Amino acid sequence: MSKLTLRTEQDRYVVVTRRFEARPDAVYRAHIDPKLIQQWMLGPEGWTMPVCINEARPGGKIRYEWTNGKGGGFYLTGEFLELVPYSKIVHIERMHLPDPTPDNHIETRFEADGTGTLMTMRMTLPDSQTRAAMLATGMEGGMEASYIRLEKVISASHAPTELAS
């Protein structure tokens, strides 16, 4: 069963929430560290991200390139507007499929939730048509597949190490 919830608000917004069994600093870091992003932000099985540029600072650039290994692929560009360590990332992104989509303004919040983190991502699209086109891509399934990988990446990077005897 999916831990992700996706809902629409008014005619331009998409709100995605998901709880992770990890601290906010770990979930936040997984969203800004290119080496970690390349391990989890892949969408459906079989896709890879050979290019991951993520300059995590206000004004910093974003460029992710995905391929399915069979000649198919696409990329995303964007820029960061605001970063508040461990609690908030605000950025703009546009997909290139191959033509660029209108800007998607995204605010992602990371809140402590018991022993884990509640992530809330609010996307603001320019109009209802753009939102409908984005939702028609089946993004929810790809997002959940990526977030399942994210949990594994976070678990592996925070696994306790055994002391040598």
# chains A, B, ... in the order shown; residues from 1 in each chain; ligands from 1
call {"tool": "closest_atom_pairs", "arguments": {"of": "region 123-152 of chain A", "to": "region 9-32 of chain A", "cutoff": "10 Å", "atoms": "only C-alpha atoms", "output": "CSV"}}
result
residue,atom,partner,partner_atom,distance
A:Met123,CA,A:Val14,CA,5.1
A:Thr124,CA,A:Tyr13,CA,4.8
A:Leu125,CA,A:Arg12,CA,5.0
A:Pro126,CA,A:Arg12,CA,6.4
A:Asp127,CA,A:Arg12,CA,5.2
A:Ser128,CA,A:Asp11,CA,4.9
A:Gln129,CA,A:Arg12,CA,8.6
A:Thr130,CA,A:Arg12,CA,8.1
A:Arg131,CA,A:Arg12,CA,6.1
A:Ala132,CA,A:Arg12,CA,9.0
A:Met134,CA,A:Val14,CA,9.8
A:Leu135,CA,A:Val14,CA,8.9
A:Glu140,CA,A:Val16,CA,8.9
A:Met143,CA,A:Val16,CA,9.5
A:Glu144,CA,A:Arg18,CA,9.0
A:Tyr147,CA,A:Arg18,CA,8.5
A:Ile148,CA,A:Phe20,CA,9.3
A:Leu150,CA,A:Ala30,CA,7.5
A:Glu151,CA,A:Phe20,CA,6.7
call {"tool": "write_last_selection", "arguments": {"atoms": "C-alpha atoms", "output": "compact mmCIF listing (two decimals), in the first residue's frame"}}
result
# COMPACT_ATOMS: atom_id res chain seq x y z
CA MET A 123 3.17 22.42 -6.39
CA THR A 124 1.76 25.56 -7.98
CA LEU A 125 1.08 25.30 -11.69
CA PRO A 126 0.22 28.23 -13.98
CA ASP A 127 -3.27 26.94 -14.85
CA SER A 128 -5.66 24.00 -14.67
CA GLN A 129 -4.65 22.67 -18.12
CA THR A 130 -1.00 22.40 -17.10
CA ARG A 131 -1.98 20.66 -13.88
CA ALA A 132 -4.23 18.20 -15.73
CA MET A 134 1.03 16.79 -15.38
CA LEU A 135 -1.37 14.51 -13.50
CA GLU A 140 1.93 9.43 -8.61
CA MET A 143 6.86 9.32 -7.19
CA GLU A 144 5.95 6.48 -4.84
CA TYR A 147 10.16 7.44 -2.36
CA ILE A 148 10.38 3.72 -1.59
CA LEU A 150 14.55 7.05 -0.83
CA GLU A 151 13.65 5.20 2.37
call {"tool": "select_by_dssp", "arguments": {"residues": "region 5-75 of chain A", "states": "strand (DSSP E)", "output": "ChimeraX atom specification"}}
result
/A:5-9,13-20,48-54,61-67,73-75
call {"tool": "write_last_selection", "arguments": {"atoms": "C-alpha atoms", "output": "PDB file, in the first residue's frame"}}
result
ATOM      1  CA  THR A   5      -1.112  10.901  -0.766  1.00  0.00           C
ATOM      2  CA  LEU A   6      -1.746  13.261  -3.636  1.00  0.00           C
ATOM      3  CA  ARG A   7      -4.589  15.740  -3.688  1.00  0.00           C
ATOM      4  CA  THR A   8      -5.528  18.736  -5.775  1.00  0.00           C
ATOM      5  CA  GLU A   9      -6.589  22.126  -4.467  1.00  0.00           C
ATOM      6  CA  TYR A  13      -2.300  23.181  -6.978  1.00  0.00           C
ATOM      7  CA  VAL A  14      -1.106  19.652  -6.274  1.00  0.00           C
ATOM      8  CA  VAL A  15      -0.222  18.672  -2.706  1.00  0.00           C
ATOM      9  CA  VAL A  16       1.799  15.513  -2.066  1.00  0.00           C
ATOM     10  CA  THR A  17       2.394  14.201   1.444  1.00  0.00           C
ATOM     11  CA  ARG A  18       4.440  11.257   2.604  1.00  0.00           C
ATOM     12  CA  ARG A  19       5.817  10.094   5.933  1.00  0.00           C
ATOM     13  CA  PHE A  20       9.339   8.719   6.184  1.00  0.00           C
ATOM     14  CA  THR A  48      18.580   5.940 -14.258  1.00  0.00           C
ATOM     15  CA  MET A  49      19.752   9.529 -13.755  1.00  0.00           C
ATOM     16  CA  PRO A  50      23.186   9.868 -15.394  1.00  0.00           C
ATOM     17  CA  VAL A  51      23.248  13.682 -14.934  1.00  0.00           C
ATOM     18  CA  CYS A  52      22.382  15.317 -11.618  1.00  0.00           C
ATOM     19  CA  ILE A  53      23.294  18.956 -11.072  1.00  0.00           C
ATOM     20  CA  ASN A  54      21.930  20.334  -7.828  1.00  0.00           C
ATOM     21  CA  LYS A  61      20.695  25.622 -10.762  1.00  0.00           C
ATOM     22  CA  ILE A  62      19.046  22.229 -11.045  1.00  0.00           C
ATOM     23  CA  ARG A  63      19.391  19.838 -13.978  1.00  0.00           C
ATOM     24  CA  TYR A  64      18.367  16.178 -13.834  1.00  0.00           C
ATOM     25  CA  GLU A  65      18.565  13.884 -16.880  1.00  0.00           C
ATOM     26  CA  TRP A  66      16.845  10.501 -16.936  1.00  0.00           C
ATOM     27  CA  THR A  67      17.149   7.600 -19.362  1.00  0.00           C
ATOM     28  CA  GLY A  73      14.688   9.947 -21.817  1.00  0.00           C
ATOM     29  CA  PHE A  74      13.895  13.463 -20.708  1.00  0.00           C
ATOM     30  CA  TYR A  75      15.304  16.135 -18.454  1.00  0.00           C
TER      31      TYR A  75
END
call {"tool": "select_by_dssp", "arguments": {"residues": "chain A", "states": "alpha helix (DSSP H)", "output": "ChimeraX atom specification"}}
result
/A:24-32,34-40,128-135,139-157
call {"tool": "write_last_selection", "arguments": {"atoms": "N, CA and C atoms", "output": "CSV table (one decimal), in the first residue's frame"}}
result
chain,number,residue,atom,x,y,z
A,24,PRO,N,14.1,14.6,10.0
A,24,PRO,CA,14.0,15.6,8.9
A,24,PRO,C,15.3,16.0,8.3
A,25,ASP,N,16.4,16.0,9.0
A,25,ASP,CA,17.7,16.3,8.4
A,25,ASP,C,18.1,15.3,7.4
A,26,ALA,N,17.8,14.0,7.6
A,26,ALA,CA,18.2,13.0,6.6
A,26,ALA,C,17.3,13.1,5.4
A,27,VAL,N,16.0,13.3,5.5
A,27,VAL,CA,15.1,13.4,4.4
A,27,VAL,C,15.5,14.7,3.6
A,28,TYR,N,15.7,15.8,4.3
A,28,TYR,CA,16.1,17.0,3.6
A,28,TYR,C,17.4,16.8,2.8
A,29,ARG,N,18.4,16.2,3.4
A,29,ARG,CA,19.7,16.0,2.8
A,29,ARG,C,19.5,15.2,1.5
A,30,ALA,N,18.7,14.2,1.6
A,30,ALA,CA,18.4,13.3,0.4
A,30,ALA,C,17.8,14.1,-0.8
A,31,HIS,N,17.2,15.2,-0.5
A,31,HIS,CA,16.6,16.1,-1.5
A,31,HIS,C,17.6,17.1,-2.1
A,32,ILE,N,18.8,17.2,-1.5
A,32,ILE,CA,19.7,18.2,-2.0
A,32,ILE,C,21.1,17.7,-2.4
A,34,PRO,N,23.4,15.6,-4.6
A,34,PRO,CA,23.3,14.9,-5.9
A,34,PRO,C,23.6,13.4,-5.9
A,35,LYS,N,24.6,13.0,-5.1
A,35,LYS,CA,24.9,11.6,-5.0
A,35,LYS,C,23.7,10.7,-4.5
A,36,LEU,N,23.0,11.3,-3.5
A,36,LEU,CA,21.8,10.6,-3.0
A,36,LEU,C,20.6,10.7,-4.0
A,37,ILE,N,20.4,11.8,-4.6
A,37,ILE,CA,19.3,12.0,-5.5
A,37,ILE,C,19.4,11.0,-6.7
A,38,GLN,N,20.6,10.8,-7.2
A,38,GLN,CA,20.8,9.8,-8.3
A,38,GLN,C,20.5,8.4,-7.9
A,39,GLN,N,20.4,8.1,-6.6
A,39,GLN,CA,20.1,6.8,-6.2
A,39,GLN,C,18.6,6.5,-6.0
A,40,TRP,N,17.8,7.6,-5.8
A,40,TRP,CA,16.4,7.4,-5.5
A,40,TRP,C,15.4,8.1,-6.4
A,128,SER,N,-5.1,25.3,-14.8
A,128,SER,CA,-5.7,24.0,-14.7
A,128,SER,C,-5.3,23.0,-15.8
A,129,GLN,N,-5.0,23.5,-17.0
A,129,GLN,CA,-4.6,22.7,-18.1
A,129,GLN,C,-3.3,22.1,-17.9
A,130,THR,N,-2.3,22.9,-17.4
A,130,THR,CA,-1.0,22.4,-17.1
A,130,THR,C,-1.1,21.4,-16.0
A,131,ARG,N,-1.9,21.6,-15.0
A,131,ARG,CA,-2.0,20.7,-13.9
A,131,ARG,C,-2.6,19.4,-14.4
A,132,ALA,N,-3.6,19.4,-15.2
A,132,ALA,CA,-4.2,18.2,-15.7
A,132,ALA,C,-3.2,17.4,-16.6
A,133,ALA,N,-2.4,18.1,-17.4
A,133,ALA,CA,-1.4,17.4,-18.2
A,133,ALA,C,-0.4,16.7,-17.4
A,134,MET,N,0.0,17.4,-16.3
A,134,MET,CA,1.0,16.8,-15.4
A,134,MET,C,0.5,15.6,-14.7
A,135,LEU,N,-0.8,15.7,-14.2
A,135,LEU,CA,-1.4,14.5,-13.5
A,135,LEU,C,-1.6,13.3,-14.5
A,139,MET,N,2.3,10.5,-12.7
A,139,MET,CA,3.4,10.8,-11.8
A,139,MET,C,3.3,10.2,-10.4
A,140,GLU,N,2.1,10.0,-10.0
A,140,GLU,CA,1.9,9.4,-8.6
A,140,GLU,C,2.7,8.1,-8.4
A,141,GLY,N,2.5,7.2,-9.4
A,141,GLY,CA,3.2,5.9,-9.3
A,141,GLY,C,4.7,6.0,-9.3
A,142,GLY,N,5.2,6.9,-10.2
A,142,GLY,CA,6.7,7.1,-10.3
A,142,GLY,C,7.2,7.8,-9.0
A,143,MET,N,6.4,8.7,-8.4
A,143,MET,CA,6.9,9.3,-7.2
A,143,MET,C,6.9,8.3,-6.1
A,144,GLU,N,5.9,7.4,-5.9
A,144,GLU,CA,6.0,6.5,-4.8
A,144,GLU,C,7.1,5.5,-5.0
A,145,ALA,N,7.4,5.1,-6.3
A,145,ALA,CA,8.5,4.2,-6.5
A,145,ALA,C,9.8,4.8,-6.1
A,146,SER,N,9.9,6.1,-6.4
A,146,SER,CA,11.1,6.9,-6.0
A,146,SER,C,11.2,7.0,-4.5
A,147,TYR,N,10.1,7.3,-3.8
A,147,TYR,CA,10.2,7.4,-2.4
A,147,TYR,C,10.4,6.1,-1.6
A,148,ILE,N,10.0,5.0,-2.2
A,148,ILE,CA,10.4,3.7,-1.6
A,148,ILE,C,11.9,3.6,-1.6
A,149,ARG,N,12.5,3.9,-2.8
A,149,ARG,CA,14.0,3.9,-2.9
A,149,ARG,C,14.6,4.9,-1.9
A,150,LEU,N,14.0,6.0,-1.8
A,150,LEU,CA,14.6,7.1,-0.8
A,150,LEU,C,14.6,6.5,0.6
A,151,GLU,N,13.6,5.8,1.0
A,151,GLU,CA,13.6,5.2,2.4
A,151,GLU,C,14.8,4.2,2.5
A,152,LYS,N,15.1,3.4,1.5
A,152,LYS,CA,16.2,2.5,1.5
A,152,LYS,C,17.5,3.2,1.5
A,153,VAL,N,17.6,4.3,0.7
A,153,VAL,CA,18.9,5.1,0.7
A,153,VAL,C,19.2,5.7,2.1
A,154,ILE,N,18.1,6.2,2.7
A,154,ILE,CA,18.3,6.9,4.0
A,154,ILE,C,18.7,5.8,5.0
A,155,SER,N,18.0,4.6,5.0
A,155,SER,CA,18.3,3.6,5.9
A,155,SER,C,19.8,3.1,5.8
A,156,ALA,N,20.2,3.0,4.5
A,156,ALA,CA,21.6,2.5,4.3
A,156,ALA,C,22.6,3.6,4.7
A,157,SER,N,22.3,4.8,4.5
A,157,SER,CA,23.3,5.9,4.9
A,157,SER,C,23.3,6.1,6.4
call {"tool": "closest_residue", "arguments": {"among": "A:Gly60, A:Gly43, A:Leu76, A:Gly138", "to": "Pro100 (chain A)", "atoms": "only C-alpha atoms"}}
result
A:Leu76
